[in-house]
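Chemist: query_34.txt (compact mmCIF, C-alpha atoms) pasted underneath:
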# COMPACT_ATOMS: atom_id res chain seq x y z
CA MET O 122 -9.78 -30.72 -20.75
CA GLU O 123 -6.13 -31.69 -21.17
CA ILE O 124 -5.20 -29.61 -18.15
CA PHE O 125 -7.48 -31.57 -15.84
CA THR O 126 -6.45 -34.98 -17.15
CA SER O 127 -2.75 -34.20 -16.64
CA LEU O 128 -3.27 -33.55 -12.91
CA LYS O 129 -3.16 -36.67 -10.80
CA PRO O 130 -5.67 -36.97 -7.95
CA TRP O 131 -2.86 -37.02 -5.37
CA THR O 132 -1.45 -33.76 -6.77
CA ILE O 133 -4.86 -32.12 -6.45
CA VAL O 134 -5.13 -33.30 -2.83
CA GLN O 135 -1.64 -31.93 -2.09
CA MET O 136 -2.54 -28.58 -3.63
CA CYS O 137 -5.75 -28.41 -1.56
CA VAL O 138 -3.90 -29.27 1.66
CA ALA O 139 -1.20 -26.71 0.80
CA ALA O 140 -3.82 -24.01 0.16
CA ILE O 141 -5.49 -24.71 3.51
CA CYS O 142 -2.14 -24.71 5.33
CA ILE O 143 -1.07 -21.46 3.64
CA TYR O 144 -4.42 -19.84 4.47
CA LEU O 145 -4.13 -20.77 8.14
CA TYR O 146 -0.48 -19.70 8.18
CA ILE O 147 -1.36 -16.28 6.71
CA MET O 148 -3.97 -15.84 9.44
CA LEU O 149 -1.32 -16.69 12.06
CA ILE O 150 1.37 -14.43 10.56
CA THR O 151 -1.07 -11.53 10.20
CA ARG O 152 -2.20 -11.98 13.79
CA ILE O 153 1.40 -12.01 15.06
CA ALA O 154 2.85 -9.30 12.77
CA GLY O 155 -0.18 -7.04 12.79
CA LYS O 156 -2.43 -5.57 10.16
CA ARG O 157 0.33 -3.48 8.61
CA THR O 158 1.75 -6.64 7.01
CA PHE O 159 -0.92 -6.47 4.30
CA ALA O 160 -2.05 -2.86 4.63
CA LYS O 161 -1.78 -0.28 1.90
CA MET O 162 0.86 1.93 3.45
CA SER O 163 3.70 2.71 1.06
CA SER O 164 5.32 1.53 -2.14
CA PHE O 165 7.66 -0.64 -0.07
CA ASP O 166 4.73 -2.29 1.71
CA PHE O 167 3.08 -2.87 -1.66
CA ALA O 168 6.23 -4.55 -3.03
CA VAL O 169 6.44 -6.84 0.01
CA THR O 170 2.77 -7.76 -0.37
CA ILE O 171 3.36 -8.67 -4.04
CA ALA O 172 6.37 -10.79 -3.03
CA MET O 173 4.25 -12.58 -0.44
CA GLY O 174 1.58 -13.27 -3.06
CA SER O 175 4.15 -14.75 -5.40
CA ILE O 176 5.52 -16.99 -2.66
CA LEU O 177 1.99 -18.11 -1.76
CA ALA O 178 1.08 -18.93 -5.35
CA ASP O 179 4.24 -20.97 -5.77
CA ALA O 180 3.57 -22.88 -2.54
CA VAL O 181 0.02 -23.78 -3.55
CA ASN O 182 0.96 -24.76 -7.11
CA LYS O 183 4.03 -26.81 -6.12
CA PRO O 184 3.28 -27.90 -2.55
CA VAL O 185 5.78 -30.75 -2.36
CA SER O 186 8.83 -28.64 -3.19
CA SER O 187 7.89 -25.23 -1.84
CA LEU O 188 5.57 -25.43 1.16
CA MET O 189 8.27 -25.26 3.86
CA PRO O 190 10.34 -22.61 2.02
CA ALA O 191 7.13 -20.58 1.68
CA PHE O 192 6.50 -20.76 5.43
CA VAL O 193 10.04 -19.60 6.16
CA SER O 194 9.96 -16.85 3.49
CA LEU O 195 6.61 -15.51 4.66
CA ALA O 196 7.72 -15.47 8.29
CA LEU O 197 10.92 -13.65 7.32
CA LEU O 198 9.06 -11.05 5.22
CA ALA O 199 6.53 -10.49 8.02
CA PHE O 200 9.36 -10.11 10.55
CA LEU O 201 11.13 -7.60 8.29
CA GLN O 202 7.86 -5.67 7.84
CA VAL O 203 7.43 -5.43 11.62
CA LEU O 204 11.08 -4.42 12.07
CA PHE O 205 10.76 -1.81 9.31
CA ALA O 206 7.56 -0.41 10.86
CA LYS O 207 9.18 -0.19 14.31
CA MET O 208 12.22 1.58 12.86
CA LEU O 209 10.01 4.09 11.03
CA SER O 210 7.87 4.81 14.07
CA SER O 211 10.81 5.22 16.43
CA SER O 212 13.01 7.60 14.44
CA ASP O 213 12.18 10.63 12.31
CA GLY O 214 15.61 10.37 10.66
CA VAL O 215 15.02 6.78 9.58
CA GLU O 216 11.55 7.68 8.33
CA LYS O 217 12.92 10.56 6.23
CA LEU O 218 15.69 8.34 4.85
CA LEU O 219 13.54 5.34 3.93
CA THR O 220 10.16 6.76 2.90
CA ASN O 221 8.83 9.20 0.34
CA THR O 222 7.52 12.61 1.32
CA PRO O 223 3.94 13.60 0.53
CA ILE O 224 3.79 16.21 -2.25
CA LEU O 225 1.57 19.30 -2.20
CA LEU O 226 -0.37 19.48 -5.48
CA MET O 227 -2.66 22.42 -4.62
CA LYS O 228 -2.88 25.04 -1.93
CA ASP O 229 -5.64 27.61 -1.41
CA GLY O 230 -7.07 27.02 -4.89
CA GLU O 231 -3.71 27.28 -6.70
CA ILE O 232 -2.51 24.26 -8.71
CA PHE O 233 1.22 23.52 -8.51
CA GLU O 234 2.01 22.30 -12.05
CA LYS O 235 5.64 21.52 -11.17
CA ASN O 236 4.52 19.20 -8.36
CA LEU O 237 1.94 17.51 -10.61
CA LYS O 238 4.80 16.60 -12.96
CA LYS O 239 7.01 15.49 -10.07
CA ALA O 240 4.24 13.19 -8.76
CA LEU O 241 3.34 12.02 -12.29
CA VAL O 242 -0.27 13.13 -11.75
CA SER O 243 -2.14 14.58 -14.71
CA ARG O 244 -4.33 17.61 -14.41
CA ALA O 245 -7.28 15.40 -15.43
CA ASP O 246 -6.52 13.00 -12.53
CA LEU O 247 -6.38 15.95 -10.15
CA MET O 248 -9.74 17.27 -11.38
CA GLY O 249 -11.20 13.78 -11.01
CA LYS O 250 -10.09 13.65 -7.37
CA LEU O 251 -11.58 17.09 -6.75
CA ARG O 252 -14.89 15.91 -8.20
CA GLU O 253 -14.77 12.76 -6.04
CA ALA O 254 -14.34 15.02 -3.01
CA ASN O 255 -17.38 17.08 -4.08
CA VAL O 256 -15.35 20.23 -4.66
CA LEU O 257 -17.47 22.74 -6.57
CA GLN O 258 -14.96 25.59 -6.84
CA LEU O 259 -11.16 25.64 -6.74
CA SER O 260 -11.40 28.41 -4.14
CA GLU O 261 -12.86 25.81 -1.70
CA VAL O 262 -9.65 23.78 -1.82
CA ARG O 263 -7.29 24.38 1.09
CA ALA O 264 -4.82 21.65 0.05
CA VAL O 265 -4.45 18.61 -2.19
CA VAL O 266 -1.70 16.19 -1.16
CA PHE O 267 -0.21 13.28 -3.11
CA GLU O 268 0.35 10.83 -0.24
CA THR O 269 3.19 8.31 0.09
CA THR O 270 0.69 5.51 -0.60
CA GLY O 271 -0.22 7.00 -3.98
CA ASP O 272 -3.56 8.26 -2.70
CA ILE O 273 -4.59 11.87 -3.21
CA SER O 274 -6.05 13.68 -0.20
CA VAL O 275 -8.32 16.66 -0.81
CA LEU O 276 -8.81 19.09 2.08
CA HIS O 277 -11.60 21.54 1.32
CA THR O 278 -14.29 23.67 2.92
CA THR O 279 -16.70 26.41 1.98
CA GLU O 280 -15.76 28.30 5.16
CA ASP O 281 -12.72 30.52 5.60
CA THR O 282 -10.80 27.97 7.65
CA THR O 283 -7.06 27.35 7.77
CA ILE O 284 -5.42 23.95 8.09
CA ASP O 285 -3.64 23.19 11.35
CA ALA O 286 0.10 23.21 10.72
CA VAL O 287 0.60 19.77 12.26
CA ILE O 288 -1.52 18.20 9.51
CA MET O 289 0.80 19.58 6.82
CA GLU O 290 4.18 19.40 8.60
CA ASP O 291 5.55 16.41 6.63
CA VAL O 292 4.26 17.57 3.22
CA GLY O 293 6.89 18.80 0.78
CA ASN O 294 6.28 21.85 -1.38
Render the structure in this file as structure tokens.
Modeler:
Amino acid sequence: MEIFTSLKPWTIVQMCVAAICIYLYIMLITRIAGKRTFAKMSSFDFAVTIAMGSILADAVNKPVSSLMPAFVSLALLAFLQVLFAKMLSSSDGVEKLLTNTPILLMKDGEIFEKNLKKALVSRADLMGKLREANVLQLSEVRAVVFETTGDISVLHTTEDTTIDAVIMEDVGN
């Protein structure tokens, strides 16, 4: 109960107003910058999203001292996210320099132990992903890829089908 008695009514009102302003501002920034601002895309995007969350929490908890800096910081981070996304989409060289490469964990039923270690994925995690994808036999697996987002993609079929090269062109062995 001490926590609630130490907060003055005016402080609570300020925090509520700050939360509403921040909420509306996030809607505006997301609308302007696009969905990628908060999307699960890469480790860099994740780090920026965490930074935005920290800024938001600070602005709501200390609205008098940090509301305007939060607006400026969020706008700057959103602008940098858009700039980063445009740079990545316009140049293969920039994309290769600034992003991770997907890693091939399995191909045609064969598990690549070296790549599991490189991606820090355990064999148990791999088997779990295969089960999630309803793989019944390793021979069904055409490829398993550790994506740049940390997700694991399982490409499998019971038919004798090959994967189009374009789907695998950016995946490292």
Chemist: Would you pick out the contacts of region 230-240 of chain O at 7 Å or less, using only C-alpha atoms, so that residues sharing its chain but fewer than 5 positions from it are not included, and give the list as a VMD selection string?
Modeler: chain O and resid 224 to 225 259 to 263
Chemist: One number please: CA of Val265 (chain O) to CA of Pro223 (chain O), in Å, one decimal.
Modeler: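 Here the two named atoms are 10.1 Å from each other.
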Chemist: In Å, how far is it from CA of Ile288 (chain O) to CA of Lys217 (chain O)?
Modeler: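 Taking CA of Ile288 (chain O) and CA of Lys217 (chain O), their separation equals 16.7 Å.
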Chemist: Calculated over all atoms listed in the file, which of the candidates O:Arg244, O:Lys129, O:Arg252, O:Arg152 has the smallest distance to Val275 (chain O)?
Modeler: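 Using all atoms listed in the file, the shortest distance to Val275 (chain O) belongs to O:Arg252.
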Chemist: Can you pull out every residue within 10 Å of Val138 (chain O), counting all atoms listed in the file, but drop anything in the same chain fewer than 6 positions away, and send it as a PyMOL selection string?
Modeler: chain O and resi 132+144+181+184
Chemist: May I ask for the distance between CA of Ala206 (chain O) and CA of Thr270 (chain O), given in Å to one decimal place?
Modeler: 14.6 Å
Chemist: Give the answer as one residue: which of O:Leu226, O:Gly293, O:Gln202, O:Ala180 has the shortest atom-to-atom distance to Phe167 (chain O), using all atoms listed in the file?
Modeler: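 Among O:Leu226, O:Gly293, O:Gln202, O:Ala180, it is O:Gln202 that comes nearest to Phe167 (chain O).
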Chemist: Which one of O:Leu177, O:Val203, O:Asp246, O:Asp166 sits closest to Ile141 (chain O) if you count only C-alpha atoms?
Modeler: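 The closest residue to Ile141 (chain O) is O:Leu177.
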Chemist: Counting all atoms listed in the file, which residues come within 9 Å of (7.6, -9.8, 14.2), with the point read in the file's coordinates, and could you list them as a ChimeraX atom specification?
Modeler: /O:150,153-155,196-197,199-204
Chemist: Quick one: residues within 10 Å of (1.1, -20.9, 6.6) (file frame), counting all atoms listed in the file, please, as a list in words.
Modeler: Ala139, Ala140, Ile141, Cys142, Ile143, Tyr144, Leu145, Tyr146, Ile147, Met148, Leu149, Ile150, Leu177, Ala180, Leu188, Met189, Ala191, Phe192, Val193, Leu195 and Ala196 of chain O
Chemist: Counting only C-alpha atoms, figure out which residue out of O:Asn182, O:Ser274, O:Ser210, O:Thr151 gets nearest to Thr170 (chain O).
Modeler: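 Looking only at the distances to Thr170 (chain O), the closest residue turns out to be O:Thr151.
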Chemist: Please put the answer as JSON: centre and edge lengths, in Å with one decimal, of a box along x, y and z that encloses all listed atoms of region 242-259 of chain O plus 3 Å on each side.
Modeler:
{"center_x": -8.9, "center_y": 19.2, "center_z": -9.2, "size_x": 23.2, "size_y": 18.9, "size_z": 18.4}
